[in-house]
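Engineer: You'll find start20.cif just under this line, and it carries mmCIF, C-alpha atoms and all ligand atoms.
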```cif
data_start
loop_
_atom_site.label_atom_id
_atom_site.label_comp_id
_atom_site.auth_asym_id
_atom_site.auth_seq_id
_atom_site.Cartn_x
_atom_site.Cartn_y
_atom_site.Cartn_z
CA MET K 977 0.00 0.00 0.00
CA ARG K 978 2.78 2.39 1.00
CA LEU K 979 4.72 1.47 -2.11
CA ALA K 980 1.68 2.17 -4.30
CA LEU K 981 1.24 5.57 -2.67
CA ALA K 982 4.93 6.37 -3.13
CA LEU K 983 4.74 5.41 -6.82
CA LEU K 984 1.64 7.55 -7.25
CA LEU K 985 3.42 10.55 -5.71
CA LEU K 986 6.49 9.92 -7.87
CA ALA K 987 4.36 9.90 -10.99
CA ALA K 988 3.01 13.35 -10.10
CA VAL K 989 6.49 14.82 -9.75
CA PRO K 990 8.23 15.69 -13.05
CA ALA K 991 11.59 14.08 -13.74
CA TRP K 992 13.31 17.49 -13.52
CA ALA K 993 11.92 18.38 -10.09
CA GLY K 994 14.72 19.69 -7.90
CA GLY K 995 17.01 20.35 -10.88
CA PRO K 996 17.03 22.97 -13.62
CA VAL K 997 13.85 23.22 -15.73
CA PRO K 998 14.50 21.60 -19.15
CA VAL K 999 13.32 23.91 -21.93
CA ALA K 1000 13.30 23.43 -25.73
CA ALA K 1001 13.45 26.59 -27.86
CA THR K 1002 13.02 26.81 -31.63
CA SER K 1003 15.96 29.19 -32.06
CA THR K 1004 19.29 30.05 -30.50
CA ASP K 1005 17.95 33.59 -29.94
CA LEU K 1006 15.07 32.36 -27.79
CA GLN K 1007 17.50 29.97 -26.09
CA SER K 1008 19.67 32.93 -25.09
CA LEU K 1009 16.68 34.97 -23.86
CA ILE K 1010 15.41 32.03 -21.77
CA GLU K 1011 18.88 31.66 -20.26
CA SER K 1012 18.92 35.38 -19.46
CA VAL K 1013 15.69 35.05 -17.45
CA GLY K 1014 16.19 31.54 -16.07
CA GLY K 1015 19.90 31.65 -15.26
CA GLU K 1016 21.07 28.45 -13.61
CA LEU K 1017 17.47 27.40 -12.93
CA VAL K 1018 17.00 26.35 -16.58
CA ARG K 1019 18.70 24.02 -19.04
CA VAL K 1020 17.84 25.11 -22.59
CA VAL K 1021 18.36 23.43 -25.95
CA SER K 1022 17.69 24.99 -29.35
CA LEU K 1023 15.98 22.69 -31.85
CA ALA K 1024 17.40 24.80 -34.73
CA PRO K 1025 21.11 25.37 -35.39
CA ALA K 1026 22.50 28.92 -35.41
CA VAL K 1027 22.86 29.01 -39.21
CA HIS K 1028 20.20 27.62 -41.51
CA GLU K 1029 18.09 28.64 -44.50
CA PRO K 1030 15.30 30.94 -43.28
CA HIS K 1031 12.36 28.82 -42.07
CA GLN K 1032 14.07 25.53 -43.02
CA VAL K 1033 15.54 23.20 -40.41
CA GLU K 1034 16.49 19.60 -40.92
CA VAL K 1035 14.87 17.63 -38.12
CA LYS K 1036 17.21 15.16 -36.40
CA PRO K 1037 16.18 12.19 -34.21
CA GLY K 1038 18.00 13.69 -31.20
CA GLN K 1039 15.63 16.67 -31.33
CA LEU K 1040 12.66 14.41 -30.63
CA ALA K 1041 14.32 13.22 -27.42
CA GLU K 1042 15.13 16.81 -26.45
CA LEU K 1043 11.53 17.89 -26.93
CA ARG K 1044 10.16 14.85 -25.06
CA ALA K 1045 12.38 15.68 -22.08
CA ALA K 1046 11.39 19.37 -22.06
CA ALA K 1047 8.98 20.91 -19.57
CA LEU K 1048 8.39 23.88 -21.90
CA LEU K 1049 8.51 24.55 -25.64
CA VAL K 1050 9.30 28.19 -26.48
CA ARG K 1051 8.74 29.22 -30.09
CA VAL K 1052 8.76 32.23 -32.42
CA GLY K 1053 5.23 31.29 -33.50
CA LEU K 1054 3.06 32.37 -36.46
CA ASP K 1055 4.35 30.47 -39.52
CA HIS K 1056 8.03 30.96 -38.67
CA GLU K 1057 8.75 27.26 -38.00
CA PRO K 1058 7.06 25.11 -40.68
CA TRP K 1059 9.53 22.32 -39.74
CA LEU K 1060 8.24 22.13 -36.15
CA ALA K 1061 4.98 20.44 -37.19
CA ARG K 1062 6.89 17.27 -38.15
CA ILE K 1063 8.61 17.08 -34.76
CA LEU K 1064 5.40 17.74 -32.85
CA GLN K 1065 3.61 15.07 -34.85
CA ALA K 1066 6.37 12.54 -34.12
CA VAL K 1067 6.48 13.39 -30.40
CA ASN K 1068 2.65 13.40 -30.23
CA ASP K 1069 2.52 14.81 -26.68
CA PRO K 1070 -0.66 16.63 -25.56
CA ARG K 1071 1.56 18.97 -23.48
CA PHE K 1072 2.71 20.57 -26.75
CA ALA K 1073 -0.70 20.76 -28.43
CA PRO K 1074 -1.77 24.22 -29.63
CA GLY K 1075 -3.01 26.37 -26.76
CA SER K 1076 -1.26 24.30 -24.06
CA PRO K 1077 0.34 26.42 -21.29
CA ASP K 1078 3.54 24.39 -21.84
CA VAL K 1079 3.94 26.02 -25.28
CA VAL K 1080 5.13 29.62 -25.12
CA ASP K 1081 4.34 31.50 -28.34
CA CYS K 1082 6.59 34.57 -28.11
CA SER K 1083 4.74 36.36 -30.94
CA LYS K 1084 1.87 37.10 -28.53
CA GLY K 1085 1.84 40.81 -27.80
CA ILE K 1086 4.30 41.74 -30.56
CA PRO K 1087 3.07 44.38 -33.05
CA LEU K 1088 3.92 42.70 -36.37
CA LEU K 1089 5.37 44.43 -39.41
CA GLN K 1090 4.22 43.63 -42.95
CA ALA K 1091 0.94 42.26 -41.54
CA GLU K 1092 -0.99 44.46 -43.96
CA THR K 1093 0.66 42.72 -46.94
CA ALA K 1094 0.21 39.29 -45.42
CA ARG K 1095 0.00 36.48 -47.87
CA VAL K 1096 0.03 32.74 -47.65
CA ARG K 1097 1.83 31.17 -50.56
CA SER K 1098 1.67 27.57 -51.60
CA GLU K 1099 4.23 27.65 -54.40
CA ARG K 1100 7.00 25.10 -53.72
CA GLY K 1101 5.40 24.36 -50.36
CA VAL K 1102 6.48 27.69 -48.96
CA HIS K 1103 4.19 29.19 -46.33
CA VAL K 1104 6.04 31.93 -44.53
CA HIS K 1105 5.34 35.51 -43.39
CA GLY K 1106 1.66 34.73 -44.08
CA PHE K 1107 0.52 36.65 -40.99
CA GLY K 1108 3.21 39.33 -41.04
CA ASN K 1109 6.98 39.31 -40.72
CA THR K 1110 8.16 36.75 -38.13
CA HIS K 1111 11.74 38.03 -37.57
CA TYR K 1112 10.60 40.28 -34.70
CA TRP K 1113 13.40 39.32 -32.26
CA LEU K 1114 15.75 41.49 -34.36
CA ASP K 1115 14.32 44.63 -32.79
CA PRO K 1116 16.01 44.61 -29.37
CA GLU K 1117 13.00 46.43 -27.87
CA ASN K 1118 10.96 43.29 -28.61
CA ALA K 1119 13.09 41.44 -26.05
CA ARG K 1120 10.84 43.11 -23.43
CA PRO K 1121 7.58 41.33 -24.39
CA ILE K 1122 9.46 38.13 -25.29
CA THR K 1123 11.18 37.90 -21.89
CA ALA K 1124 7.89 38.81 -20.17
CA SER K 1125 6.25 35.74 -21.77
CA ILE K 1126 9.24 33.59 -20.80
CA LEU K 1127 9.18 34.87 -17.21
CA ASP K 1128 5.48 34.04 -16.82
CA ALA K 1129 5.99 30.50 -18.12
CA LEU K 1130 9.01 29.80 -15.89
CA ALA K 1131 7.31 31.28 -12.82
CA ARG K 1132 4.29 29.06 -13.43
CA LEU K 1133 6.55 25.98 -13.27
CA ARG K 1134 8.65 27.34 -10.39
CA PRO K 1135 6.43 29.79 -8.44
CA ALA K 1136 8.88 30.00 -5.53
CA GLU K 1137 11.58 31.37 -7.88
CA ARG K 1138 9.54 34.19 -9.45
CA ALA K 1139 11.56 36.91 -7.68
CA ARG K 1140 14.81 35.41 -9.00
CA PHE K 1141 13.46 35.29 -12.56
CA GLU K 1142 12.30 38.90 -12.23
CA ALA K 1143 15.69 40.04 -10.93
CA ASN K 1144 17.47 38.22 -13.78
CA ARG K 1145 15.16 39.85 -16.34
CA GLU K 1146 15.65 43.33 -14.84
CA ARG K 1147 19.42 42.90 -15.00
CA PHE K 1148 19.18 41.79 -18.63
CA LEU K 1149 16.91 44.72 -19.60
CA THR K 1150 19.21 47.24 -17.90
CA ASP K 1151 22.14 45.88 -19.92
CA LEU K 1152 19.99 45.98 -23.07
CA GLU K 1153 19.01 49.64 -22.48
CA SER K 1154 22.60 50.82 -22.15
CA ARG K 1155 23.74 48.86 -25.21
CA LEU K 1156 20.75 50.04 -27.26
CA ALA K 1157 21.79 53.64 -26.59
CA ARG K 1158 25.29 52.78 -27.83
CA TRP K 1159 24.01 50.97 -30.96
CA THR K 1160 21.67 53.86 -31.78
CA ARG K 1161 24.51 56.39 -31.47
CA ALA K 1162 26.75 54.24 -33.70
CA MET K 1163 24.06 54.02 -36.41
CA ALA K 1164 22.97 57.67 -36.22
CA PRO K 1165 25.25 58.92 -39.05
CA TYR K 1166 23.74 56.34 -41.42
CA ARG K 1167 20.02 56.96 -40.84
CA GLY K 1168 18.07 56.77 -44.09
CA THR K 1169 20.57 54.46 -45.83
CA ARG K 1170 18.66 52.55 -48.47
CA ALA K 1171 19.18 48.80 -48.51
CA VAL K 1172 18.13 45.69 -50.41
CA VAL K 1173 17.92 42.40 -48.50
CA VAL K 1174 18.19 38.80 -49.68
CA HIS K 1175 15.42 37.40 -47.40
CA GLU K 1176 13.08 39.77 -45.54
CA THR K 1177 14.83 39.09 -42.23
CA TRP K 1178 15.57 42.70 -41.31
CA PRO K 1179 12.48 44.99 -41.22
CA TYR K 1180 12.38 45.20 -37.39
CA PHE K 1181 16.12 45.80 -37.15
CA ALA K 1182 15.99 48.37 -39.98
CA ARG K 1183 13.13 50.32 -38.38
CA ARG K 1184 14.95 50.44 -35.04
CA PHE K 1185 18.26 51.62 -36.50
CA GLY K 1186 17.07 53.87 -39.32
CA LEU K 1187 17.79 51.79 -42.44
CA VAL K 1188 15.26 51.90 -45.30
CA ILE K 1189 14.70 48.52 -46.97
CA THR K 1190 13.43 49.05 -50.50
CA ALA K 1191 13.40 45.53 -52.00
CA ALA K 1192 14.27 41.87 -51.47
CA LEU K 1193 16.15 39.51 -53.78
CA GLU K 1194 13.59 36.84 -52.96
CA PRO K 1195 10.44 37.73 -54.93
CA SER K 1196 8.39 36.19 -52.10
CA PRO K 1197 9.78 35.03 -48.72
CA GLY K 1198 11.52 31.68 -49.15
CA VAL K 1199 11.35 31.70 -52.95
CA PRO K 1200 14.72 31.96 -54.79
CA PRO K 1201 15.00 34.80 -57.32
CA SER K 1202 14.55 34.15 -61.04
CA PRO K 1203 17.06 35.73 -63.46
CA SER K 1204 14.47 38.34 -64.47
CA HIS K 1205 13.72 39.27 -60.83
CA LEU K 1206 17.49 39.59 -60.21
CA ALA K 1207 17.86 41.86 -63.23
CA SER K 1208 15.01 44.12 -62.17
CA THR K 1209 16.35 44.29 -58.59
CA ILE K 1210 19.81 45.27 -59.87
CA GLN K 1211 18.15 47.93 -62.02
CA HIS K 1212 16.21 49.17 -58.97
CA MET K 1213 19.45 49.37 -56.94
CA LYS K 1214 21.21 51.43 -59.61
CA ALA K 1215 18.27 53.74 -60.19
CA GLY K 1216 17.22 54.08 -56.54
CA GLY K 1217 20.54 54.95 -54.95
CA VAL K 1218 20.61 51.75 -52.89
CA GLY K 1219 23.98 51.65 -51.13
CA LEU K 1220 23.73 48.38 -49.25
CA LEU K 1221 22.88 44.74 -49.92
CA ILE K 1222 22.19 42.80 -46.70
CA ALA K 1223 22.77 39.04 -46.87
CA GLY K 1224 22.79 36.28 -44.25
CA PRO K 1225 25.47 33.70 -43.39
CA GLU K 1226 23.47 31.12 -45.35
CA SER K 1227 23.20 33.29 -48.50
CA ASP K 1228 24.91 32.39 -51.78
CA ALA K 1229 28.03 34.59 -51.39
CA ALA K 1230 28.93 34.58 -55.10
CA LEU K 1231 25.42 35.71 -56.06
CA VAL K 1232 25.41 38.39 -53.34
CA ASP K 1233 28.78 39.77 -54.49
CA ARG K 1234 27.66 39.82 -58.13
CA VAL K 1235 24.36 41.60 -57.39
CA ALA K 1236 26.11 44.13 -55.13
CA ALA K 1237 28.77 44.86 -57.76
CA GLN K 1238 26.25 45.21 -60.60
CA GLY K 1239 23.87 47.26 -58.46
CA GLY K 1240 26.62 49.59 -57.26
CA ALA K 1241 26.11 48.68 -53.58
CA ARG K 1242 28.25 47.36 -50.74
CA ALA K 1243 27.40 43.85 -49.51
CA VAL K 1244 27.27 43.06 -45.81
CA VAL K 1245 26.56 39.72 -44.14
CA LEU K 1246 24.47 40.25 -41.00
CA VAL K 1247 23.87 37.47 -38.50
CA PRO K 1248 20.17 36.83 -37.78
CA SER K 1249 20.73 34.42 -34.89
CA VAL K 1250 22.93 33.88 -31.86
CA GLY K 1251 25.90 31.65 -32.74
CA GLY K 1252 25.97 32.66 -36.43
CA ASP K 1253 29.31 34.32 -35.65
CA PRO K 1254 31.52 33.10 -32.77
CA ALA K 1255 31.35 36.61 -31.27
CA ALA K 1256 27.52 36.53 -31.31
CA ARG K 1257 27.48 34.27 -28.26
CA ASP K 1258 24.27 35.63 -26.73
CA TYR K 1259 21.30 37.86 -27.62
CA LEU K 1260 23.02 41.15 -26.76
CA SER K 1261 26.35 40.36 -28.42
CA LEU K 1262 24.36 39.39 -31.57
CA PHE K 1263 23.55 43.11 -31.93
CA ASP K 1264 27.11 44.14 -31.03
CA VAL K 1265 28.32 42.01 -33.97
CA ASN K 1266 25.70 43.28 -36.45
CA ILE K 1267 26.12 46.95 -35.57
CA ARG K 1268 29.90 46.59 -35.86
CA ARG K 1269 29.66 44.86 -39.26
CA LEU K 1270 27.22 47.47 -40.56
CA THR K 1271 29.12 50.53 -39.35
CA GLU K 1272 32.39 49.15 -40.73
CA VAL K 1273 30.88 48.71 -44.20
CA LEU K 1274 28.96 51.99 -44.13
CA ALA K 1275 32.00 53.97 -42.95
CA THR K 1276 34.06 52.80 -45.96
CA ALA K 1277 31.15 53.45 -48.34
CA ARG K 1278 31.26 57.21 -47.65
ZN ZN K 1301 11.43 34.95 -42.96
#
```
Translate this file's structure into structure tokens.
Ligand SMILES: [Zn+2]
Structural biologist:
Amino acid sequence: MRLALALLLLAAVPAWAGGPVPVAATSTDLQSLIESVGGELVRVVSLAPAVHEPHQVEVKPGQLAELRAAALLVRVGLDHEPWLARILQAVNDPRFAPGSPDVVDCSKGIPLLQAETARVRSERGVHVHGFGNTHYWLDPENARPITASILDALARLRPAERARFEANRERFLTDLESRLARWTRAMAPYRGTRAVVVHETWPYFARRFGLVITAALEPSPGVPPSPSHLASTIQHMKAGGVGLLIAGPESDAALVDRVAAQGGARAVVLVPSVGGDPAARDYLSLFDVNIRRLTEVLATAR
């Protein structure tokens, strides 16, 4: 009888009780933000690597085990992670069903850009940016609502530690504020610089730091450019005084260099996610790296 009772109690206690809360995030950026709030009270894995094609992640068997072991799944949400559906289907755990409190959708409470031009495309199986642009973590001010969602979820699992999570978040936001002032000062001379992007990764970042994005090499998010779209974009760059072509670490470097040269622009590779450059080791240093890369290129373009 006593043994049965003990087993019953054990079953009610999660495997991670007493240790750090295991969390699965869908990006290295969310991983870093969860670590900023959770500190040593969390153990976070990212299901996506630091560098990958936008919205495309190859699902590996180890990721299923990581998700099964997690107490929380933290995601970008909207249609940012089309690859996640396959993992969720394989894991088939009601804890991660839509609407479950164990799934944190960080897009809640974020004012989306490009929502007015929302479209859902089915060509080549691509369904991205259908509700608005999903790359909202690249405005550092959006770290406020994102970390607020994370804090609520962690405090629900560990109510006794709420004050610690809050103190960690406050420390992170104070650091963010002082760095944001520095980044804004560094970018001030370049406000209004017109830029073309490869994928529409950068509208939130551009709005925050005063860049004006006028076109994308991808005719629709996730769709590679045709030769005629490339030619018209190069024409647009030449005619429109576009000084900058923003690519990602996953972009085709030869194509980027060719388009920049023909369009009369400077090319810069910006890092959309933590770990995409060894110096971008956490969420705040991701912006340190990108602001440094941008200002270096823009300074020589003058
Ligand atoms: Zn995208």
Engineer: I need the residue nearest ligand ZN 1301 (chain K) from this list: K:Cys1082, K:Leu1187, K:Ala1207, K:Leu1114. Use all atoms listed in the file for the distance.
Structural biologist: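 Smallest separation from ligand ZN 1301 (chain K) among the options: K:Leu1114.
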Engineer: Which one is closest to K:Ala1001: K:Val1050, K:Ala1041, K:Val1027, K:Ala1230? Count all atoms listed in the file.
Structural biologist: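 For K:Ala1001, the nearest of the candidates is K:Val1050.
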Engineer: Would you please work out which residue, of K:Ala1223, K:Ala993, K:Leu1017, K:Leu1049, is nearest to K:Ala1243 when using only C-alpha atoms?
Structural biologist: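 Comparing K:Ala1223, K:Ala993, K:Leu1017, K:Leu1049 against K:Ala1243, the winner is K:Ala1223.
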Engineer: For K:Lys1036, which residue among K:Ala1024, K:Ala1157, K:Val1174, K:Ala1091 is the nearest when counting all atoms listed in the file?
Structural biologist: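 Under the stated criterion, the closest residue is K:Ala1024.
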Engineer: Could you check the closest approach to K:Ala1275 for each of K:Arg1242, K:Pro1201, K:Pro1087, K:Asp1151 and tell me which residue wins, using only C-alpha atoms?
Structural biologist: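 The answer is K:Arg1242, which sits nearest to K:Ala1275.
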Engineer: Taking into account all atoms listed in the file, which residue in the set K:Asn1109, K:Ser1196, K:Thr1190, K:Ser1154 is nearest to K:Arg1170?
Structural biologist: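 Among the listed residues, K:Thr1190 lies closest to K:Arg1170.
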Engineer: Show me as a PyMOL selection string the residues that reach within 12 Å of (17.0, 24.6, -41.0), counting only C-alpha atoms and using the file's own coordinates.
Structural biologist: chain K and resi 1002-1003+1022-1036+1056-1060+1226
Engineer: Within 12 Å of ligand ZN 1301 (chain K), which residues of chain K show up? Give each one with its shortest atom-to-atom distance in Å (one decimal) and the two atoms involved, counting only C-alpha atoms and all ligand atoms, rows by chain then rising residue number, as CSV.
Structural biologist:
```
residue,atom,partner,partner_atom,distance
K:His1028,CA,K:ZN1301,ZN,11.5
K:Glu1029,CA,K:ZN1301,ZN,9.3
K:Pro1030,CA,K:ZN1301,ZN,5.6
K:His1031,CA,K:ZN1301,ZN,6.3
K:Gln1032,CA,K:ZN1301,ZN,9.8
K:Val1052,CA,K:ZN1301,ZN,11.2
K:Gly1053,CA,K:ZN1301,ZN,11.9
K:Leu1054,CA,K:ZN1301,ZN,10.9
K:Asp1055,CA,K:ZN1301,ZN,9.1
K:His1056,CA,K:ZN1301,ZN,6.8
K:Glu1057,CA,K:ZN1301,ZN,9.5
K:Pro1058,CA,K:ZN1301,ZN,11.0
K:Leu1089,CA,K:ZN1301,ZN,11.8
K:Gln1090,CA,K:ZN1301,ZN,11.3
K:Val1102,CA,K:ZN1301,ZN,10.6
K:His1103,CA,K:ZN1301,ZN,9.8
K:Val1104,CA,K:ZN1301,ZN,6.4
K:His1105,CA,K:ZN1301,ZN,6.1
K:Gly1106,CA,K:ZN1301,ZN,9.8
K:Phe1107,CA,K:ZN1301,ZN,11.2
K:Gly1108,CA,K:ZN1301,ZN,9.5
K:Asn1109,CA,K:ZN1301,ZN,6.6
K:Thr1110,CA,K:ZN1301,ZN,6.1
K:His1111,CA,K:ZN1301,ZN,6.2
K:Tyr1112,CA,K:ZN1301,ZN,9.9
K:Trp1113,CA,K:ZN1301,ZN,11.7
K:Leu1114,CA,K:ZN1301,ZN,11.6
K:Val1173,CA,K:ZN1301,ZN,11.3
K:Val1174,CA,K:ZN1301,ZN,10.3
K:His1175,CA,K:ZN1301,ZN,6.5
K:Glu1176,CA,K:ZN1301,ZN,5.7
K:Thr1177,CA,K:ZN1301,ZN,5.4
K:Trp1178,CA,K:ZN1301,ZN,8.9
K:Pro1179,CA,K:ZN1301,ZN,10.2
K:Tyr1180,CA,K:ZN1301,ZN,11.7
K:Ala1192,CA,K:ZN1301,ZN,11.3
K:Glu1194,CA,K:ZN1301,ZN,10.4
K:Ser1196,CA,K:ZN1301,ZN,9.7
K:Pro1197,CA,K:ZN1301,ZN,6.0
K:Gly1198,CA,K:ZN1301,ZN,7.0
K:Val1199,CA,K:ZN1301,ZN,10.5
K:Gly1224,CA,K:ZN1301,ZN,11.5
K:Pro1248,CA,K:ZN1301,ZN,10.3
```
Engineer: Could you please take those selected residues and save C-alpha atoms as a PDB file, keeping the file's coordinate frame?
Structural biologist:
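And here's again-v3.pdb as it stands now:
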```
ATOM      1  CA  HIS K1028      20.200  27.620 -41.510  1.00  0.00           C
ATOM      2  CA  GLU K1029      18.090  28.640 -44.500  1.00  0.00           C
ATOM      3  CA  PRO K1030      15.300  30.940 -43.280  1.00  0.00           C
ATOM      4  CA  HIS K1031      12.360  28.820 -42.070  1.00  0.00           C
ATOM      5  CA  GLN K1032      14.070  25.530 -43.020  1.00  0.00           C
ATOM      6  CA  VAL K1052       8.760  32.230 -32.420  1.00  0.00           C
ATOM      7  CA  GLY K1053       5.230  31.290 -33.500  1.00  0.00           C
ATOM      8  CA  LEU K1054       3.060  32.370 -36.460  1.00  0.00           C
ATOM      9  CA  ASP K1055       4.350  30.470 -39.520  1.00  0.00           C
ATOM     10  CA  HIS K1056       8.030  30.960 -38.670  1.00  0.00           C
ATOM     11  CA  GLU K1057       8.750  27.260 -38.000  1.00  0.00           C
ATOM     12  CA  PRO K1058       7.060  25.110 -40.680  1.00  0.00           C
ATOM     13  CA  LEU K1089       5.370  44.430 -39.410  1.00  0.00           C
ATOM     14  CA  GLN K1090       4.220  43.630 -42.950  1.00  0.00           C
ATOM     15  CA  VAL K1102       6.480  27.690 -48.960  1.00  0.00           C
ATOM     16  CA  HIS K1103       4.190  29.190 -46.330  1.00  0.00           C
ATOM     17  CA  VAL K1104       6.040  31.930 -44.530  1.00  0.00           C
ATOM     18  CA  HIS K1105       5.340  35.510 -43.390  1.00  0.00           C
ATOM     19  CA  GLY K1106       1.660  34.730 -44.080  1.00  0.00           C
ATOM     20  CA  PHE K1107       0.520  36.650 -40.990  1.00  0.00           C
ATOM     21  CA  GLY K1108       3.210  39.330 -41.040  1.00  0.00           C
ATOM     22  CA  ASN K1109       6.980  39.310 -40.720  1.00  0.00           C
ATOM     23  CA  THR K1110       8.160  36.750 -38.130  1.00  0.00           C
ATOM     24  CA  HIS K1111      11.740  38.030 -37.570  1.00  0.00           C
ATOM     25  CA  TYR K1112      10.600  40.280 -34.700  1.00  0.00           C
ATOM     26  CA  TRP K1113      13.400  39.320 -32.260  1.00  0.00           C
ATOM     27  CA  LEU K1114      15.750  41.490 -34.360  1.00  0.00           C
ATOM     28  CA  VAL K1173      17.920  42.400 -48.500  1.00  0.00           C
ATOM     29  CA  VAL K1174      18.190  38.800 -49.680  1.00  0.00           C
ATOM     30  CA  HIS K1175      15.420  37.400 -47.400  1.00  0.00           C
ATOM     31  CA  GLU K1176      13.080  39.770 -45.540  1.00  0.00           C
ATOM     32  CA  THR K1177      14.830  39.090 -42.230  1.00  0.00           C
ATOM     33  CA  TRP K1178      15.570  42.700 -41.310  1.00  0.00           C
ATOM     34  CA  PRO K1179      12.480  44.990 -41.220  1.00  0.00           C
ATOM     35  CA  TYR K1180      12.380  45.200 -37.390  1.00  0.00           C
ATOM     36  CA  ALA K1192      14.270  41.870 -51.470  1.00  0.00           C
ATOM     37  CA  GLU K1194      13.590  36.840 -52.960  1.00  0.00           C
ATOM     38  CA  SER K1196       8.390  36.190 -52.100  1.00  0.00           C
ATOM     39  CA  PRO K1197       9.780  35.030 -48.720  1.00  0.00           C
ATOM     40  CA  GLY K1198      11.520  31.680 -49.150  1.00  0.00           C
ATOM     41  CA  VAL K1199      11.350  31.700 -52.950  1.00  0.00           C
ATOM     42  CA  GLY K1224      22.790  36.280 -44.250  1.00  0.00           C
ATOM     43  CA  PRO K1248      20.170  36.830 -37.780  1.00  0.00           C
TER      44      PRO K1248
END
```
Engineer: Find the residues of stretch 1115-1156 of chain K that sit at most 10 Å from stretch 1253-1270 of chain K; for each, write down the nearest two atoms and how far apart they are in Å, to one decimal. Count all atoms listed in the file. Sort by chain, then by number going up, and give it as JSON lines.
Structural biologist:
```
{"residue": "K:Asp1115", "atom": "CA", "partner": "K:Phe1263", "partner_atom": "CA", "distance": 9.4}
{"residue": "K:Pro1116", "atom": "CA", "partner": "K:Phe1263", "partner_atom": "CA", "distance": 8.1}
{"residue": "K:Ala1119", "atom": "CA", "partner": "K:Tyr1259", "partner_atom": "CA", "distance": 9.1}
{"residue": "K:Phe1148", "atom": "CA", "partner": "K:Leu1260", "partner_atom": "CA", "distance": 9.0}
{"residue": "K:Asp1151", "atom": "CA", "partner": "K:Leu1260", "partner_atom": "CA", "distance": 8.4}
{"residue": "K:Leu1152", "atom": "CA", "partner": "K:Leu1260", "partner_atom": "CA", "distance": 6.8}
{"residue": "K:Arg1155", "atom": "CA", "partner": "K:Leu1260", "partner_atom": "CA", "distance": 7.9}
{"residue": "K:Leu1156", "atom": "CA", "partner": "K:Phe1263", "partner_atom": "CA", "distance": 8.8}
```
Engineer: If I take atom CA of K:Val1273 and atom CA of K:Leu1193, how far is one from the other in Å, to one decimal?
Structural biologist: 19.8 Å
Engineer: For K:Phe1141, find every residue with an atom within 9 Å (counting all atoms listed in the file), except residues of its own chain fewer than 4 positions away, and show them as a list in words.
Structural biologist: Ser1012, Val1013, Gly1014, Gly1015, Leu1017, Leu1127, Leu1130, Ala1131, Glu1137, Arg1145 and Glu1146 of chain K
Engineer: Could you work out how far atom CA of K:Tyr1166 lies from atom CA of K:Leu1149, giving the answer in Å with one decimal?
Structural biologist: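 Distance reported for this atom pair: 25.6 Å.
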Engineer: For atom CA of K:Val1080 and atom CA of K:Ala1124, determine how far apart the two atoms are, in Å to one decimal place.
Structural biologist: 10.8 Å
Engineer: Around all listed atoms of stretch 1064-1077 of chain K, padded 8 Å per side, what centre and edge lengths does the axis-aligned box have in Å to one decimal, as AutoDock Vina command-line options?
Structural biologist:
```
--center_x 1.7 --center_y 19.5 --center_z -28.1 --size_x 25.5 --size_y 29.9 --size_z 29.6
```
